[in-house]
Amino acid sequence: MALSNLASEISRRRTFAIISHPDAGKTTLTERLLRAGGAIQLAGNVRAKGERRRTRSDWMGIERDRGISVVTSVMTFEYGGCIFNLLDTPGHEDFSEDTYRTLTAVDSAVMVIDAAKGIEARTLKLFEICRLRDIPIITFVNKMDREAQDPFALMEEVSQALALDTAPATWPIGRASNFVGTYDLRAREVHVSVPLEQSDPRMIALGEELELVQAALPEWNRESFDAGHLTPVYFGSAMREIGVTDLLDALVSFGPQPRAQATDGRVVQADEPTMTALIFKIQANMDPNHRDRMAFARVCSGQLTRGMRVKHVRSGKQFALHTPQFFFARDRQLAEEAYAGDVVGIPNHGTLRIGDTLTEGEELRFTGVPHFAPEILRRVRLDDAMKAKKLRQALQELAEEGVVQLFRPQDGSPPIVGVVGTLQLDVLQARLAGEYGVGIGFESTPFSLARWVDGDKLRLANFVATNRTAMADDLDGDPVFLASSAFMMRRTAEMNAELRFVDIKQIG
Ligand code: G4P
């Protein structure tokens with residue numbers, strides 16, 4: 001493919017995630033975005049919450065039962081000449097590891113805020129992750145059709161809470177049940193759902209507020225946005241479909257294009273001619289009729305074509321991409337070609353793992369996909385001792401998928417699983433029973449903390465030998481030290497100052 005063509009394909013990719021506190025309206029906004037992009041046809045607006053969630057991922061019983069979104073997936077749609085890849089992040093904080101990994105695969109994030117509640121705990125946490133990677137953020141103040149905080153106060157709150165410049169991009173016209181649309185501050189256009197006379201009190205109020213806006217609030221600045229220092233703020237109501245196209249138009253006009261990505265050797269530019277891709281997510285059972293396993297790859301550079309042979313850098317092996325797939329709201333399609341920024345699913349049987357790099361032959365590994373030290377450690381108790389072998393295989397597979405982290409104690413005692421939140425344990429238990437027919441329970445362990453240990457080979461070997469009963473191997477065979485308390489962990493680290501005890505492991 002001609003390079004100019006490659007560059008123009010890449011420049012129309014927009015790969016983003018929505019971050020928000022539960023209930024701020026992420027699901028509703030996602031639906032509206034997909035609909036604006038023509039990706040889904042919905043019968044009507046008002047449907048039960050459970051129903052809506054089912055359409056998104058009806059393959060996972062636990063999610064259905066609890067009415068929470070557990071799983072990260074991707075939705076591709078087209079709007080305004082751009083190809084959007086919207087990566088979904090689980091709303092519940094127990095699945096934050098999944099969310100963090102997903103955020104390594106996006107170029108921007110839309111932060112949805114409830115107009116009455118402002119910045120909430122989880123929004124703040126997710127924002128911090130985005131900031132670590134300087135991901136540009138667009139703010140969407142949702143639920144303006146209800147009683148809301150004053151827009152000036154909201155702008156101030158965002159700016160204070162996040163230490164971020166806020167520049168209004170639109171301004172709300174009318175408030176609460178009289179909210180009818182937005183005024184686009186740059187295009188100087190009124191976008192309303194019902195025609196308004198100039199004499200309408202809402203238009204008069206708008207005129208007065210705009211004077212204040214111009215006098216008091218920062219102006220839009222593209223460089224600051226690209227650097228992650230300024231967020232443009234949009235007002236709207238996902239439910240009433242107000243302000244949704246403002247947001248999409250913003251992403252089309254200045255949404256970040258696929259960014260350069262760091263590797264262990266060099267920085268990979270998105271428009272390089274050769275293809276590279278990063279696996280950031282593994283998902284099983286997407287189709288209840290087939291027990292398949294899908295690796296989600298973000299194409300980081302060049303063009304991926306169906307059938308191409310790629311190098312799997314971790315194993316050094318070559319394999320052909322026979323059936324890469326795009327995901328839409330409801331269905332999937334073979335991806336004949338994909339470009340930097342796109343996210344494709346690659347069906348596989350355990351070859352691909354989170355953090356893996358695919359190239360056209362080059363020996364490089366993308367960095368930055370994290371594993372977090374788990375905050376909860378449990379020993380797995382098998383109901384039926386005859387199923388030990390099956391359990392071993394199942395735990396291996398589910399850990400590769402990122403459902404839990406798996407630690408195999410070096411003293412040969414039963415495996416320990418580590419999680420960030422307890423819902424992950426519920427998912428593990430349900431999936432072991434449902435997919436593998438293995439019943440398990442959990443037992444407490446003497447350990448409450450895990451840290452990866454790294455350092456000089458000989459010293460490390462010595463440390464492992466003298467602490468064998470507190471040592472385990474993770475999925476990759478890397479040594480992990482388990483401590484009974486924070487005090488013990490600190491003491492051990494102090495007594496072994498030449499070694500590093502780390503709580504975040506970069507994979508890849
Ligand atoms: P989430 O994914 O961030 O958790 O939020 P979700 O979209 O599920 O929205 C949470 C609740 O807020 C839902 O109400 C939804 O209808 C409502 N909502 C979303 N956007 C708006 C908006 O712009 N205006 C108003 N007024 N409400 C909005 P629910 O009662 O929990 O569910 P449902 O029965 O309405 O589906």
# chains A, B, ... in the order shown; residues from 1 in each chain; ligands from 1
$ residues_near_ligand --ligand "ligand 1" --cutoff "6 Å" --atoms "only C-alpha atoms and all ligand atoms" --output "ChimeraX atom specification"
/A:22-28,47-49,142-143,145-146,237-240
$ write_last_selection --atoms "C-alpha atoms" --output "compact mmCIF listing (two decimals), in the first residue's frame"
# COMPACT_ATOMS: atom_id res chain seq x y z
CA PRO A 22 -20.91 3.87 37.98
CA ASP A 23 -24.31 5.35 37.10
CA ALA A 24 -22.97 8.52 35.51
CA GLY A 25 -24.35 7.31 32.18
CA LYS A 26 -21.54 5.47 30.41
CA THR A 27 -23.80 2.71 29.10
CA THR A 28 -26.42 5.14 27.86
CA ARG A 47 -35.63 -0.40 28.31
CA ALA A 48 -34.90 -2.06 31.57
CA LYS A 49 -31.33 -1.76 32.70
CA ASN A 142 -24.21 14.25 31.48
CA LYS A 143 -27.77 14.42 32.84
CA ASP A 145 -31.89 17.35 31.76
CA ARG A 146 -32.11 16.95 35.53
CA SER A 237 -27.99 14.44 28.16
CA ALA A 238 -27.19 11.01 26.85
CA MET A 239 -30.70 9.88 27.64
CA ARG A 240 -32.35 12.67 25.67
$ residues_around --residues "Ala153 in chain A" --least-positions-apart "4" --cutoff "12 Å" --atoms "only C-alpha atoms" --output "JSON, numbers by chain"
{"A": [115, 116, 117, 118, 119, 148, 149, 157, 158, 159, 160, 161, 166, 213, 216, 217]}
$ residues_around --residues "Val268 in chain A" --least-positions-apart "5" --cutoff "12 Å" --atoms "only C-alpha atoms" --output "list in words"
Pro258, Arg259, Ala260, Gln261, Ala262, Thr263, Pro273, Thr274, Met275, Thr276, Ala277, Leu278, Val299, Cys300, Ser301, Gly302, Ala340, Thr359, Glu362, Leu364, Arg365, Phe366 and Thr367 of chain A
$ write_last_selection --atoms "N, CA and C atoms" --output "PDB file, in the first residue's frame"
ATOM      1  N   PRO A 258      -3.956   7.853  16.201  1.00  0.00           N
ATOM      2  CA  PRO A 258      -3.124   6.829  16.853  1.00  0.00           C
ATOM      3  C   PRO A 258      -1.754   7.374  17.242  1.00  0.00           C
ATOM      4  N   ARG A 259      -1.418   7.155  18.496  1.00  0.00           N
ATOM      5  CA  ARG A 259      -0.175   7.735  19.021  1.00  0.00           C
ATOM      6  C   ARG A 259       1.004   6.784  18.864  1.00  0.00           C
ATOM      7  N   ALA A 260       2.193   7.347  18.998  1.00  0.00           N
ATOM      8  CA  ALA A 260       3.404   6.527  18.985  1.00  0.00           C
ATOM      9  C   ALA A 260       3.422   5.689  20.263  1.00  0.00           C
ATOM     10  N   GLN A 261       4.031   4.511  20.209  1.00  0.00           N
ATOM     11  CA  GLN A 261       4.029   3.622  21.372  1.00  0.00           C
ATOM     12  C   GLN A 261       5.449   3.220  21.746  1.00  0.00           C
ATOM     13  N   ALA A 262       5.687   3.153  23.050  1.00  0.00           N
ATOM     14  CA  ALA A 262       7.032   2.800  23.532  1.00  0.00           C
ATOM     15  C   ALA A 262       7.243   1.292  23.501  1.00  0.00           C
ATOM     16  N   THR A 263       8.473   0.877  23.180  1.00  0.00           N
ATOM     17  CA  THR A 263       8.836  -0.540  23.262  1.00  0.00           C
ATOM     18  C   THR A 263      10.127  -0.639  24.063  1.00  0.00           C
ATOM     19  N   PRO A 273       5.631   1.782   7.964  1.00  0.00           N
ATOM     20  CA  PRO A 273       5.045   0.870   6.979  1.00  0.00           C
ATOM     21  C   PRO A 273       4.828  -0.551   7.485  1.00  0.00           C
ATOM     22  N   THR A 274       5.616  -1.010   8.466  1.00  0.00           N
ATOM     23  CA  THR A 274       5.406  -2.403   8.889  1.00  0.00           C
ATOM     24  C   THR A 274       4.447  -2.474  10.068  1.00  0.00           C
ATOM     25  N   MET A 275       3.787  -3.614  10.145  1.00  0.00           N
ATOM     26  CA  MET A 275       2.735  -3.805  11.140  1.00  0.00           C
ATOM     27  C   MET A 275       3.332  -4.251  12.473  1.00  0.00           C
ATOM     28  N   THR A 276       2.856  -3.623  13.534  1.00  0.00           N
ATOM     29  CA  THR A 276       3.109  -4.125  14.880  1.00  0.00           C
ATOM     30  C   THR A 276       1.784  -4.076  15.633  1.00  0.00           C
ATOM     31  N   ALA A 277       1.627  -4.957  16.608  1.00  0.00           N
ATOM     32  CA  ALA A 277       0.378  -4.967  17.390  1.00  0.00           C
ATOM     33  C   ALA A 277       0.666  -5.430  18.805  1.00  0.00           C
ATOM     34  N   LEU A 278      -0.190  -4.986  19.711  1.00  0.00           N
ATOM     35  CA  LEU A 278      -0.049  -5.304  21.129  1.00  0.00           C
ATOM     36  C   LEU A 278      -1.328  -5.992  21.617  1.00  0.00           C
ATOM     37  N   VAL A 299      -3.623  -2.612  16.857  1.00  0.00           N
ATOM     38  CA  VAL A 299      -2.601  -2.420  15.840  1.00  0.00           C
ATOM     39  C   VAL A 299      -1.883  -1.118  16.201  1.00  0.00           C
ATOM     40  N   CYS A 300      -0.572  -1.196  16.370  1.00  0.00           N
ATOM     41  CA  CYS A 300       0.182  -0.005  16.799  1.00  0.00           C
ATOM     42  C   CYS A 300       0.830   0.719  15.636  1.00  0.00           C
ATOM     43  N   SER A 301       1.138  -0.010  14.564  1.00  0.00           N
ATOM     44  CA  SER A 301       1.692   0.652  13.386  1.00  0.00           C
ATOM     45  C   SER A 301       1.318  -0.132  12.140  1.00  0.00           C
ATOM     46  N   GLY A 302       1.358   0.573  10.993  1.00  0.00           N
ATOM     47  CA  GLY A 302       1.185  -0.071   9.701  1.00  0.00           C
ATOM     48  C   GLY A 302      -0.197  -0.642   9.462  1.00  0.00           C
ATOM     49  N   ALA A 340      -3.242   0.987  12.000  1.00  0.00           N
ATOM     50  CA  ALA A 340      -2.822   1.446  13.325  1.00  0.00           C
ATOM     51  C   ALA A 340      -3.976   2.171  14.000  1.00  0.00           C
ATOM     52  N   THR A 359       4.799  -8.717  15.428  1.00  0.00           N
ATOM     53  CA  THR A 359       5.487  -7.843  14.467  1.00  0.00           C
ATOM     54  C   THR A 359       5.593  -8.572  13.130  1.00  0.00           C
ATOM     55  N   GLU A 362      10.384  -7.988  13.351  1.00  0.00           N
ATOM     56  CA  GLU A 362      11.270  -7.230  14.239  1.00  0.00           C
ATOM     57  C   GLU A 362      11.169  -7.741  15.681  1.00  0.00           C
ATOM     58  N   LEU A 364      10.921  -6.680  18.951  1.00  0.00           N
ATOM     59  CA  LEU A 364      10.645  -5.607  19.913  1.00  0.00           C
ATOM     60  C   LEU A 364       9.422  -5.958  20.735  1.00  0.00           C
ATOM     61  N   ARG A 365       9.357  -5.378  21.918  1.00  0.00           N
ATOM     62  CA  ARG A 365       8.239  -5.658  22.822  1.00  0.00           C
ATOM     63  C   ARG A 365       7.652  -4.345  23.306  1.00  0.00           C
ATOM     64  N   PHE A 366       6.339  -4.227  23.179  1.00  0.00           N
ATOM     65  CA  PHE A 366       5.689  -3.042  23.711  1.00  0.00           C
ATOM     66  C   PHE A 366       5.718  -3.094  25.231  1.00  0.00           C
ATOM     67  N   THR A 367       5.940  -1.935  25.822  1.00  0.00           N
ATOM     68  CA  THR A 367       6.003  -1.882  27.279  1.00  0.00           C
ATOM     69  C   THR A 367       4.786  -1.116  27.804  1.00  0.00           C
TER      70      THR A 367
END
$ residues_around --residues "Val233 in chain A" --least-positions-apart "3" --cutoff "12 Å" --atoms "only C-alpha atoms" --output "VMD selection string"
chain A and resid 110 to 113 115 137 to 142 151 to 152 154 to 156 158 to 159 164 to 172 182 184 to 185 217 to 220 225 230 236 243 246 to 247 250
$ write_last_selection --atoms "C-alpha atoms" --output "PDB file, in the first residue's frame"
ATOM      1  CA  VAL A 110     -14.149  10.632  27.285  1.00  0.00           C
ATOM      2  CA  MET A 111     -14.794  11.370  30.951  1.00  0.00           C
ATOM      3  CA  VAL A 112     -18.498  11.249  31.760  1.00  0.00           C
ATOM      4  CA  ILE A 113     -19.618  13.204  34.805  1.00  0.00           C
ATOM      5  CA  ALA A 115     -24.050  16.963  36.315  1.00  0.00           C
ATOM      6  CA  ILE A 137      -9.429  13.772  27.995  1.00  0.00           C
ATOM      7  CA  ILE A 138     -12.693  15.159  26.707  1.00  0.00           C
ATOM      8  CA  THR A 139     -15.250  15.863  29.438  1.00  0.00           C
ATOM      9  CA  PHE A 140     -18.943  15.164  28.947  1.00  0.00           C
ATOM     10  CA  VAL A 141     -21.215  16.570  31.641  1.00  0.00           C
ATOM     11  CA  ASN A 142     -24.208  14.254  31.475  1.00  0.00           C
ATOM     12  CA  PRO A 151     -22.051  24.888  34.945  1.00  0.00           C
ATOM     13  CA  PHE A 152     -19.511  27.433  36.211  1.00  0.00           C
ATOM     14  CA  LEU A 154     -18.850  22.265  37.637  1.00  0.00           C
ATOM     15  CA  MET A 155     -16.055  23.652  35.490  1.00  0.00           C
ATOM     16  CA  GLU A 156     -14.350  24.892  38.637  1.00  0.00           C
ATOM     17  CA  VAL A 158     -13.268  19.587  37.454  1.00  0.00           C
ATOM     18  CA  SER A 159     -10.388  21.957  37.261  1.00  0.00           C
ATOM     19  CA  LEU A 164      -6.515  20.352  34.843  1.00  0.00           C
ATOM     20  CA  ASP A 165      -7.464  23.394  32.784  1.00  0.00           C
ATOM     21  CA  THR A 166     -11.080  23.261  31.688  1.00  0.00           C
ATOM     22  CA  ALA A 167     -12.291  25.048  28.587  1.00  0.00           C
ATOM     23  CA  PRO A 168     -15.992  24.920  27.782  1.00  0.00           C
ATOM     24  CA  ALA A 169     -16.565  23.725  24.221  1.00  0.00           C
ATOM     25  CA  THR A 170     -20.341  24.022  24.380  1.00  0.00           C
ATOM     26  CA  TRP A 171     -22.697  25.733  26.779  1.00  0.00           C
ATOM     27  CA  PRO A 172     -26.069  24.357  27.930  1.00  0.00           C
ATOM     28  CA  THR A 182     -26.167  23.363  23.405  1.00  0.00           C
ATOM     29  CA  ASP A 184     -21.146  25.539  20.234  1.00  0.00           C
ATOM     30  CA  LEU A 185     -18.682  28.160  21.424  1.00  0.00           C
ATOM     31  CA  LEU A 217     -13.089  30.796  31.488  1.00  0.00           C
ATOM     32  CA  PRO A 218      -9.977  29.592  29.665  1.00  0.00           C
ATOM     33  CA  GLU A 219     -10.071  29.288  25.910  1.00  0.00           C
ATOM     34  CA  TRP A 220      -9.582  26.123  23.974  1.00  0.00           C
ATOM     35  CA  PHE A 225      -5.263  19.262  25.062  1.00  0.00           C
ATOM     36  CA  LEU A 230      -6.551  20.840  29.245  1.00  0.00           C
ATOM     37  CA  GLY A 236     -25.517  17.133  27.359  1.00  0.00           C
ATOM     38  CA  GLY A 243     -24.916  16.947  23.012  1.00  0.00           C
ATOM     39  CA  ASP A 246     -21.191  17.558  19.654  1.00  0.00           C
ATOM     40  CA  LEU A 247     -18.966  14.968  21.270  1.00  0.00           C
ATOM     41  CA  ALA A 250     -15.182  16.918  18.540  1.00  0.00           C
TER      42      ALA A 250
END
$ closest_residue --among "A:Glu400, A:Asp426, A:Asp476, A:Asp383" --to "Gly439 in chain A" --atoms "only C-alpha atoms"
A:Asp383
$ residues_around --residues "Gly455 in chain A" --least-positions-apart "3" --cutoff "8 Å" --atoms "only C-alpha atoms" --output "list in words"
Arg459, Leu460, Glu498, Leu499 and Arg500 of chain A
$ select_by_dssp --residues "range 274-337 of chain A" --states "strand (DSSP E or B)" --output "ChimeraX atom specification"
/A:276-284,293-301,303-305,309-312,317-320,325-327,332-334,337
$ closest_residue --among "A:Ser485, A:Thr305, A:Gln214, A:Gln318" --to "Ala335 in chain A" --atoms "only C-alpha atoms"
A:Thr305
$ atom_distance --atom1 "CA of Thr104 in chain A" --atom2 "CA of Val369 in chain A"
6.4 Å
$ closest_residue --among "A:Ala17, A:Met495, A:Val344, A:Met75" --to "Asp331 in chain A" --atoms "only C-alpha atoms"
A:Met75
$ closest_residue --among "A:Val190, A:Val252, A:Ile376, A:Val74" --to "Arg12 in chain A" --atoms "only C-alpha atoms"
A:Val252
$ closest_residue --among "A:Ala227, A:Tyr183, A:Gly350, A:Glu375" --to "Gly207 in chain A" --atoms "only C-alpha atoms"
A:Tyr183
$ select_by_dssp --residues "range 119-304 of chain A" --states "helix (DSSP H, G or I)" --output "ChimeraX atom specification"
/A:121-132,151-162,176-178,201-216,222-226,244-254
$ atom_distance --atom1 "CA of Ile204 in chain A" --atom2 "CA of Asn221 in chain A"
27.9 Å
$ atom_distance --atom1 "CA of Ile19 in chain A" --atom2 "CA of Tyr234 in chain A"
14.7 Å
